[in-house]
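Below is run-v1.tsv, which holds TSV, C-alpha atoms.
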```tsv
chain	number	residue	atom	x	y	z
A	1	MET	CA	-40.26	68.27	148.59
A	2	GLN	CA	-37.39	70.24	147.24
A	3	ALA	CA	-35.83	72.33	149.96
A	4	ASP	CA	-34.59	74.87	147.43
A	5	THR	CA	-37.87	75.37	145.61
A	6	ASP	CA	-40.89	74.20	147.55
A	7	ALA	CA	-42.74	76.23	150.13
A	8	ILE	CA	-44.08	74.89	153.41
A	9	LEU	CA	-46.46	71.99	152.83
A	10	LYS	CA	-50.10	72.28	153.69
A	11	ARG	CA	-51.27	68.93	155.01
A	12	SER	CA	-54.21	68.16	152.77
A	13	GLU	CA	-56.81	65.44	152.40
A	14	LEU	CA	-55.97	62.48	150.24
A	15	GLU	CA	-55.77	63.48	146.82
A	16	GLY	CA	-56.28	65.17	146.40
A	17	PRO	CA	-54.34	63.85	145.24
A	18	VAL	CA	-53.13	65.50	145.76
A	19	MET	CA	-49.34	65.17	146.10
A	20	VAL	CA	-48.23	67.50	144.46
A	21	ALA	CA	-46.21	70.41	143.36
A	22	ARG	CA	-46.21	73.69	145.24
A	23	ILE	CA	-45.75	77.30	144.49
A	24	ALA	CA	-42.02	77.71	144.59
A	25	THR	CA	-39.52	80.50	144.84
A	26	ARG	CA	-36.68	80.42	142.39
A	27	GLN	CA	-33.53	78.58	143.42
A	28	THR	CA	-31.54	81.76	143.86
A	29	GLN	CA	-32.85	85.18	144.80
A	30	PRO	CA	-31.43	88.67	144.97
A	31	ARG	CA	-30.22	89.83	148.34
A	32	GLY	CA	-33.08	91.29	150.38
A	33	LEU	CA	-35.72	89.00	148.89
A	34	ALA	CA	-34.54	85.66	150.25
A	35	ALA	CA	-35.86	86.43	153.73
A	36	LEU	CA	-39.28	87.31	152.34
A	37	ALA	CA	-39.39	84.15	150.25
A	38	ALA	CA	-38.50	82.11	153.32
A	39	LEU	CA	-41.77	83.10	154.97
A	40	GLY	CA	-43.32	79.91	153.63
A	41	LEU	CA	-45.54	81.35	150.94
A	42	GLY	CA	-46.96	78.48	148.96
A	43	LEU	CA	-49.73	76.73	147.13
A	44	ALA	CA	-50.14	72.99	147.47
A	45	LEU	CA	-51.33	71.29	144.37
A	46	ALA	CA	-53.96	68.73	145.17
A	47	GLY	CA	-52.62	65.30	144.45
A	48	CYS	CA	-54.29	62.92	146.81
A	49	ASP	CA	-56.88	61.05	144.84
A	50	THR	CA	-56.49	57.37	145.47
A	51	VAL	CA	-58.15	54.57	143.59
A	52	GLY	CA	-60.47	56.81	141.63
A	53	ALA	CA	-64.12	57.64	141.44
A	54	SER	CA	-65.46	54.15	141.13
A	55	ARG	CA	-67.76	52.63	143.71
A	56	GLY	CA	-65.81	51.68	146.80
A	57	SER	CA	-63.21	54.39	146.36
A	58	LEU	CA	-62.41	56.58	149.30
A	59	SER	CA	-61.78	59.65	147.22
A	60	GLY	CA	-64.05	59.77	144.24
A	61	SER	CA	-65.08	63.31	145.13
A	62	ALA	CA	-61.62	64.52	146.06
A	63	PRO	CA	-60.42	67.73	144.43
A	64	GLN	CA	-58.18	67.55	141.40
A	65	ILE	CA	-56.82	71.08	141.67
A	66	ALA	CA	-54.66	73.08	143.99
A	67	GLU	CA	-55.53	73.71	147.59
A	68	VAL	CA	-54.77	76.98	149.30
A	69	ALA	CA	-53.49	77.28	152.85
A	70	PRO	CA	-54.27	80.93	153.62
A	71	ASP	CA	-52.40	82.99	156.14
A	72	ASP	CA	-54.10	84.94	158.89
A	73	PRO	CA	-55.81	87.81	157.00
A	74	ALA	CA	-54.08	90.55	158.96
A	75	ALA	CA	-50.69	88.90	158.64
A	76	ALA	CA	-51.26	88.25	154.93
A	77	SER	CA	-52.20	91.87	154.31
A	78	ALA	CA	-49.14	93.11	156.16
A	79	ASN	CA	-46.89	90.68	154.32
A	80	ILE	CA	-48.24	91.60	150.90
A	81	GLY	CA	-47.85	95.24	151.84
A	82	SER	CA	-44.20	94.64	152.67
A	83	LEU	CA	-43.67	92.82	149.41
A	84	THR	CA	-45.30	95.69	147.51
A	85	GLU	CA	-42.82	98.07	149.13
A	86	VAL	CA	-40.01	95.82	147.91
A	87	ILE	CA	-41.43	95.98	144.38
A	88	ASN	CA	-41.70	99.76	144.58
A	89	ARG	CA	-38.02	99.91	145.45
A	90	ASN	CA	-37.08	97.25	142.88
A	91	PRO	CA	-39.53	97.59	139.97
A	92	GLY	CA	-37.20	95.72	137.66
A	93	SER	CA	-36.81	92.67	139.89
A	94	ALA	CA	-38.48	89.53	138.60
A	95	GLU	CA	-37.85	87.88	141.96
A	96	ALA	CA	-39.81	90.59	143.78
A	97	TYR	CA	-42.87	89.91	141.62
A	98	LEU	CA	-42.37	86.15	141.95
A	99	THR	CA	-42.29	86.40	145.74
A	100	ARG	CA	-45.40	88.60	145.94
A	101	GLY	CA	-47.14	86.29	143.48
A	102	ASN	CA	-46.49	83.44	145.88
A	103	ALA	CA	-48.09	85.45	148.67
A	104	TYR	CA	-51.17	86.21	146.57
A	105	ALA	CA	-51.48	82.55	145.56
A	106	ARG	CA	-51.20	81.34	149.14
A	107	ASN	CA	-54.17	83.49	150.05
A	108	GLY	CA	-56.34	82.47	147.13
A	109	ARG	CA	-55.87	85.63	145.08
A	110	MET	CA	-55.07	83.76	141.90
A	111	GLY	CA	-55.74	86.56	139.45
A	112	GLU	CA	-53.27	88.83	141.20
A	113	ALA	CA	-50.80	85.96	141.54
A	114	ILE	CA	-50.93	85.27	137.82
A	115	ALA	CA	-50.42	88.95	137.07
A	116	ASP	CA	-47.31	89.01	139.24
A	117	PHE	CA	-45.93	85.79	137.78
A	118	SER	CA	-46.57	87.17	134.29
A	119	GLN	CA	-44.69	90.36	135.18
A	120	ALA	CA	-41.80	88.26	136.51
A	121	ILE	CA	-41.74	86.42	133.18
A	122	LYS	CA	-41.81	89.72	131.28
A	123	LEU	CA	-38.78	90.86	133.26
A	124	ASP	CA	-36.99	87.52	133.05
A	125	GLY	CA	-38.16	85.22	130.30
A	126	ASN	CA	-35.94	82.41	131.58
A	127	ASN	CA	-37.45	82.26	135.05
A	128	ALA	CA	-38.57	78.63	135.28
A	129	ALA	CA	-40.13	79.10	138.73
A	130	ALA	CA	-42.35	81.91	137.48
A	131	TYR	CA	-43.70	79.71	134.69
A	132	SER	CA	-44.17	76.72	137.00
A	133	ASN	CA	-45.88	78.79	139.69
A	134	ARG	CA	-48.13	80.45	137.13
A	135	GLY	CA	-49.04	76.98	135.93
A	136	LEU	CA	-50.15	76.01	139.43
A	137	ALA	CA	-52.26	79.15	139.73
A	138	GLN	CA	-53.73	78.62	136.26
A	139	ARG	CA	-54.73	75.12	137.27
A	140	GLN	CA	-56.41	76.45	140.38
A	141	LEU	CA	-58.64	78.51	138.09
A	142	GLY	CA	-59.36	75.53	135.85
A	143	ARG	CA	-57.20	76.83	132.99
A	144	ASN	CA	-55.62	73.48	132.32
A	145	ASP	CA	-54.35	74.17	128.81
A	146	ALA	CA	-52.57	77.31	129.98
A	147	ALA	CA	-51.21	75.44	132.99
A	148	LEU	CA	-49.84	72.64	130.80
A	149	ALA	CA	-48.15	75.17	128.55
A	150	ASP	CA	-46.56	76.90	131.54
A	151	PHE	CA	-45.23	73.66	133.08
A	152	THR	CA	-43.83	72.62	129.71
A	153	ARG	CA	-42.16	76.00	129.20
A	154	ALA	CA	-40.58	75.79	132.67
A	155	ILE	CA	-39.13	72.39	131.74
A	156	GLU	CA	-37.81	73.73	128.44
A	157	ILE	CA	-36.04	76.53	130.30
A	158	ASN	CA	-34.66	74.25	132.99
A	159	PRO	CA	-34.85	70.52	132.21
A	160	ARG	CA	-33.68	69.80	135.76
A	161	TYR	CA	-36.53	71.70	137.46
A	162	ALA	CA	-38.25	68.89	139.36
A	163	SER	CA	-41.20	70.99	140.55
A	164	ALA	CA	-42.34	71.63	136.99
A	165	TYR	CA	-42.31	67.90	136.18
A	166	LEU	CA	-44.33	67.28	139.32
A	167	GLY	CA	-46.86	69.98	138.51
A	168	ARG	CA	-47.29	68.73	134.96
A	169	ALA	CA	-47.55	65.13	136.14
A	170	ASN	CA	-50.37	65.92	138.55
A	171	LEU	CA	-52.26	67.73	135.82
A	172	LEU	CA	-51.79	64.87	133.38
A	173	ARG	CA	-52.78	62.34	136.04
A	174	ALA	CA	-55.99	64.22	136.76
A	175	GLN	CA	-56.76	64.11	133.05
A	176	GLY	CA	-56.23	60.36	132.92
A	177	GLN	CA	-52.99	60.52	130.94
A	178	LEU	CA	-51.27	58.09	133.26
A	179	ASP	CA	-48.38	57.00	131.05
A	180	GLN	CA	-47.28	60.57	130.42
A	181	ALA	CA	-47.72	61.45	134.08
A	182	MET	CA	-45.65	58.44	135.09
A	183	GLY	CA	-42.81	59.59	132.85
A	184	ASP	CA	-42.79	63.03	134.45
A	185	LEU	CA	-42.87	61.56	137.95
A	186	ASP	CA	-39.99	59.23	137.19
A	187	GLN	CA	-38.00	62.25	136.08
A	188	ALA	CA	-39.02	64.30	139.14
A	189	ILE	CA	-37.81	61.47	141.38
A	190	ARG	CA	-34.52	61.20	139.52
A	191	LEU	CA	-33.94	64.92	139.93
A	192	ASN	CA	-35.13	65.12	143.52
A	193	PRO	CA	-34.96	61.67	145.15
A	194	GLU	CA	-35.66	63.15	148.58
A	195	GLY	CA	-38.98	64.68	147.55
A	196	ALA	CA	-42.04	63.02	149.08
A	197	GLN	CA	-44.66	64.34	146.70
A	198	ALA	CA	-43.52	62.62	143.53
A	199	PHE	CA	-43.36	59.24	145.27
A	200	HIS	CA	-46.89	59.76	146.58
A	201	ALA	CA	-48.20	60.80	143.18
A	202	ARG	CA	-46.53	57.86	141.45
A	203	GLY	CA	-47.95	55.52	144.08
A	204	LEU	CA	-51.42	56.81	143.23
A	205	ILE	CA	-50.90	55.82	139.60
A	206	TYR	CA	-49.74	52.34	140.56
A	207	GLN	CA	-52.76	52.11	142.87
A	208	LYS	CA	-55.15	53.14	140.12
A	209	ARG	CA	-53.65	50.42	137.93
A	210	GLY	CA	-54.12	47.82	140.66
A	211	GLU	CA	-50.37	47.43	141.20
A	212	HIS	CA	-50.65	47.64	144.96
A	213	VAL	CA	-47.25	46.20	145.88
A	214	ARG	CA	-45.53	48.93	143.86
A	215	ALA	CA	-47.96	51.50	145.22
A	216	VAL	CA	-47.14	50.57	148.81
A	217	THR	CA	-43.42	50.85	148.09
A	218	ASP	CA	-43.89	54.39	146.77
A	219	PHE	CA	-46.11	55.36	149.70
A	220	ASP	CA	-43.43	53.96	152.03
A	221	ASN	CA	-40.91	56.25	150.36
A	222	ALA	CA	-43.22	59.25	150.63
A	223	ILE	CA	-43.81	58.60	154.34
A	224	ASP	CA	-40.10	58.09	155.01
A	225	ARG	CA	-39.43	61.51	153.51
A	226	ASP	CA	-42.36	63.34	155.11
A	227	PRO	CA	-43.83	61.36	158.05
A	228	PHE	CA	-46.11	64.24	159.07
A	229	ALA	CA	-48.30	64.28	155.94
A	230	GLY	CA	-51.56	62.36	156.27
A	231	ALA	CA	-52.24	61.67	152.59
A	232	PRO	CA	-49.68	58.88	152.00
A	233	TYR	CA	-50.86	56.99	155.09
A	234	GLN	CA	-54.43	57.00	153.79
A	235	ALA	CA	-53.34	55.96	150.31
A	236	ARG	CA	-51.19	53.16	151.71
A	237	GLY	CA	-54.11	52.05	153.87
A	238	GLU	CA	-56.24	51.59	150.76
A	239	SER	CA	-53.61	49.48	149.04
A	240	LEU	CA	-53.14	47.42	152.20
A	241	ILE	CA	-56.87	46.69	152.25
A	242	ALA	CA	-56.58	45.56	148.64
A	243	GLN	CA	-53.85	43.14	149.76
A	244	GLY	CA	-55.90	41.85	152.69
A	245	LYS	CA	-53.58	43.39	155.30
A	246	TYR	CA	-56.31	44.86	157.44
A	247	ASP	CA	-54.39	45.33	160.70
A	248	LYS	CA	-51.72	47.38	158.97
A	249	ALA	CA	-54.39	49.32	157.06
A	250	ILE	CA	-56.06	50.25	160.35
A	251	GLU	CA	-52.73	51.57	161.63
A	252	ASP	CA	-52.35	53.71	158.52
A	253	PHE	CA	-55.84	55.17	158.60
A	254	ASN	CA	-55.37	56.04	162.27
A	255	ALA	CA	-52.08	57.72	161.38
A	256	SER	CA	-53.80	59.78	158.70
A	257	LEU	CA	-56.53	60.77	161.16
A	258	ASN	CA	-53.92	61.83	163.68
A	259	VAL	CA	-52.93	64.45	161.11
A	260	ASP	CA	-56.52	65.47	160.29
A	261	ASN	CA	-59.39	63.93	162.22
A	262	ARG	CA	-61.90	65.87	160.11
A	263	ASN	CA	-61.07	63.81	157.03
A	264	ALA	CA	-64.23	61.90	156.11
A	265	ASN	CA	-62.35	59.67	153.69
A	266	GLY	CA	-59.95	58.68	156.44
A	267	TRP	CA	-62.81	57.63	158.72
A	268	ALA	CA	-64.51	55.82	155.84
A	269	GLY	CA	-61.30	53.94	155.08
A	270	LEU	CA	-60.91	53.03	158.72
A	271	GLY	CA	-64.47	51.73	158.70
A	272	MET	CA	-63.79	49.62	155.64
A	273	ALA	CA	-60.65	48.14	157.20
A	274	TYR	CA	-62.53	47.27	160.41
A	275	GLU	CA	-65.38	45.77	158.37
A	276	LYS	CA	-62.98	43.61	156.39
A	277	GLN	CA	-61.35	42.56	159.65
A	278	GLY	CA	-64.74	41.54	161.00
A	279	ASN	CA	-65.06	44.20	163.71
A	280	ARG	CA	-68.55	45.44	162.90
A	281	THR	CA	-68.86	47.67	165.97
A	282	LYS	CA	-65.76	49.70	165.20
A	283	ALA	CA	-66.61	49.70	161.51
A	284	SER	CA	-70.02	51.19	162.24
A	285	GLU	CA	-68.51	53.80	164.56
A	286	SER	CA	-65.99	54.83	161.91
A	287	TYR	CA	-68.57	55.05	159.15
A	288	GLN	CA	-70.76	57.21	161.38
A	289	ARG	CA	-67.84	59.51	162.13
A	290	ALA	CA	-67.31	59.92	158.39
A	291	LEU	CA	-70.99	60.70	157.84
A	292	VAL	CA	-71.02	63.38	160.52
A	293	ILE	CA	-68.27	65.14	158.57
A	294	ASP	CA	-69.63	64.39	155.09
A	295	PRO	CA	-73.18	62.99	154.97
A	296	ASN	CA	-72.74	62.19	151.27
A	297	ASN	CA	-69.53	60.19	151.57
A	298	PRO	CA	-70.31	57.20	149.32
A	299	VAL	CA	-68.05	54.69	151.05
A	300	ALA	CA	-69.37	55.56	154.50
A	301	ARG	CA	-73.01	55.54	153.35
A	302	SER	CA	-72.62	52.18	151.68
A	303	GLY	CA	-70.78	50.74	154.66
A	304	ALA	CA	-73.25	52.07	157.20
A	305	SER	CA	-76.14	50.57	155.23
A	306	ARG	CA	-74.47	47.16	155.38
A	307	ILE	CA	-73.77	47.26	159.09
A	308	LYS	CA	-76.60	47.57	161.56
A	309	VAL	CA	-75.17	47.42	165.08
```

Now, as a test, write the supplied structure out as structure tokens.
Amino acid sequence: MQADTDAILKRSELEGPVMVARIATRQTQPRGLAALAALGLGLALAGCDTVGASRGSLSGSAPQIAEVAPDDPAAASANIGSLTEVINRNPGSAEAYLTRGNAYARNGRMGEAIADFSQAIKLDGNNAAAYSNRGLAQRQLGRNDAALADFTRAIEINPRYASAYLGRANLLRAQGQLDQAMGDLDQAIRLNPEGAQAFHARGLIYQKRGEHVRAVTDFDNAIDRDPFAGAPYQARGESLIAQGKYDKAIEDFNASLNVDNRNANGWAGLGMAYEKQGNRTKASESYQRALVIDPNNPVARSGASRIKV
């Protein structure tokens, strides 16, 4: 993630894809607004889908849009109130609207976020972050054409804005335009080689293409850069299963569950790895854990039906 543009990461299920761009504040901000922007207001774009929706996939039902990590309601209300006061004192500041838009987006208020991002653009038509952030919010509402236009405009304004390439890549990937998405991710990595999300997202494309060695390399890079996110561990676990490396896959699924033990896909993947290893007891236990969380999880249901312990 870009330290100068990306907000605090919400640890999400495998994506959901889910790696992903986030609502960002602009690289530089007027004095008085930087502290507010540093509060960690953000929207994580889902980017964690793994091998797709085919039978045997761990994430066929994973979301393809952004995920919101809301603040405590009282704290969010107070924060938005403070940001509104800043706007009242600085009605001509694009950064003030951008920062409040981030706060609205973080708390799921996408309509208000888009209005603020649009006002920031009206005040500063060369604000790449406002276009990119509006694109993320548009995608959350299913307005994919508008989102694509916003990401593209952000890139036109600032061809070195890695977050916009990442946001556009995740949208294109969700639409099955893998070659175009790969190009954007390559560029995002060139511009921000320390960002975990683009490596994760590119690994998902390699995984979908069956190029598991390359996928594992990208997931390794994502984990090196952000070892506390669960999604790359789960994705790497799937590719390790595909390579027959079941012991290592088990380690990865356990790592992902250490981040979020309510992730049904993580438990289902762990069950699959144990089943492939030949440990039917632990496989059955893992599948059952997945089904408690999500009774309709296809991998867990199929696995549980095969194993009667």

Counting only C-alpha atoms, which of A:Leu291, A:Leu98, A:Ile241, A:Leu123 gets nearest to A:Tyr274?
-> A:Ile241

Just how far from atom CA of A:Ile189 is atom CA of A:Ala162, in Å to one decimal?
->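 Computed distance, atom CA of A:Ala162 to atom CA of A:Ile189, equals 7.7 Å.
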
Proximity to A:Gly203 - best of A:Glu156, A:Arg190, A:Asp226, A:Leu178, only C-alpha atoms =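 Closest candidate: A:Leu178.
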
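Once A:Glu285 and its same-chain neighbours fewer than 3 positions away are set aside, A:Trp267, A:Ala268, A:Gly269, A:Leu270, A:Gly271, A:Met272, A:Tyr274, A:Glu275, A:Asn279, A:Arg280, A:Thr281, A:Lys282, A:Gln288, A:Arg289, A:Ala290, A:Leu291, A:Val292, A:Ala300, A:Gly303, A:Ala304, A:Ile307, A:Lys308, A:Val309 remain within 12 Å of it when counting all atoms listed in the file.
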
Go ahead and write the residues just picked, C-alpha atoms, as a PDB file, in the coordinates of the input.
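Ended up saving to part.pdb:
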```pdb
ATOM      1  CA  TRP A 267     -62.810  57.630 158.720  1.00  0.00           C
ATOM      2  CA  ALA A 268     -64.510  55.820 155.840  1.00  0.00           C
ATOM      3  CA  GLY A 269     -61.300  53.940 155.080  1.00  0.00           C
ATOM      4  CA  LEU A 270     -60.910  53.030 158.720  1.00  0.00           C
ATOM      5  CA  GLY A 271     -64.470  51.730 158.700  1.00  0.00           C
ATOM      6  CA  MET A 272     -63.790  49.620 155.640  1.00  0.00           C
ATOM      7  CA  TYR A 274     -62.530  47.270 160.410  1.00  0.00           C
ATOM      8  CA  GLU A 275     -65.380  45.770 158.370  1.00  0.00           C
ATOM      9  CA  ASN A 279     -65.060  44.200 163.710  1.00  0.00           C
ATOM     10  CA  ARG A 280     -68.550  45.440 162.900  1.00  0.00           C
ATOM     11  CA  THR A 281     -68.860  47.670 165.970  1.00  0.00           C
ATOM     12  CA  LYS A 282     -65.760  49.700 165.200  1.00  0.00           C
ATOM     13  CA  GLN A 288     -70.760  57.210 161.380  1.00  0.00           C
ATOM     14  CA  ARG A 289     -67.840  59.510 162.130  1.00  0.00           C
ATOM     15  CA  ALA A 290     -67.310  59.920 158.390  1.00  0.00           C
ATOM     16  CA  LEU A 291     -70.990  60.700 157.840  1.00  0.00           C
ATOM     17  CA  VAL A 292     -71.020  63.380 160.520  1.00  0.00           C
ATOM     18  CA  ALA A 300     -69.370  55.560 154.500  1.00  0.00           C
ATOM     19  CA  GLY A 303     -70.780  50.740 154.660  1.00  0.00           C
ATOM     20  CA  ALA A 304     -73.250  52.070 157.200  1.00  0.00           C
ATOM     21  CA  ILE A 307     -73.770  47.260 159.090  1.00  0.00           C
ATOM     22  CA  LYS A 308     -76.600  47.570 161.560  1.00  0.00           C
ATOM     23  CA  VAL A 309     -75.170  47.420 165.080  1.00  0.00           C
TER      24      VAL A 309
END
```

Contact residues around A:Ala164 with all atoms listed in the file at 7 Å, ignoring same-chain residues under 3 positions, as a ChimeraX atom specification | /A:132,151,154-155,161,167-168

Pairwise distance, atom CA of A:Asp116 with atom CA of A:Ser163, equals 19.1 Å

Kindly indicate which residue among A:Asn254, A:Gln175, A:Gln243, A:Asn261 lies nearest to A:Asp145, using only C-alpha atoms for the distances.
-> A:Gln175

Point-to-point distance from atom CA of A:Gly135 to atom CA of A:Gln119, Å rounded to tenths =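 Spanning atom CA of A:Gly135 to atom CA of A:Gln119 is a straight-line distance of 14.1 Å.
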
Show which residues sit within 12 Å of A:Gln138, as JSON, numbers by chain. Count all atoms listed in the file, and ignore same-chain residues fewer than 2 positions away.
-> {"A": [23, 43, 45, 65, 66, 105, 108, 109, 110, 111, 112, 113, 114, 115, 117, 118, 130, 131, 132, 133, 134, 135, 136, 140, 141, 142, 143, 144, 145, 146, 147, 148, 149, 150, 151, 167, 168, 171]}

Looking at only C-alpha atoms, which of A:Gly183, A:Gly266, A:Gly244, A:Gly210 is the one that sits closest to A:Pro232?
->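 Counting only C-alpha atoms, the residue closest to A:Pro232 is A:Gly266.
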
Closest to A:Ile223 among A:Thr99, A:Asn192, A:Gln197, A:Gln207, using only C-alpha atoms?
->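 Among A:Thr99, A:Asn192, A:Gln197, A:Gln207, it is A:Gln197 that comes nearest to A:Ile223.
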
Please work out which residues fall within 9 Å of (-47.8, 60.3, 157.8), coordinates as given in the file, with all atoms listed in the file counting, and return them as a PyMOL selection string.
-> chain A and resi 222-224+226-234+252+255-256+258-259
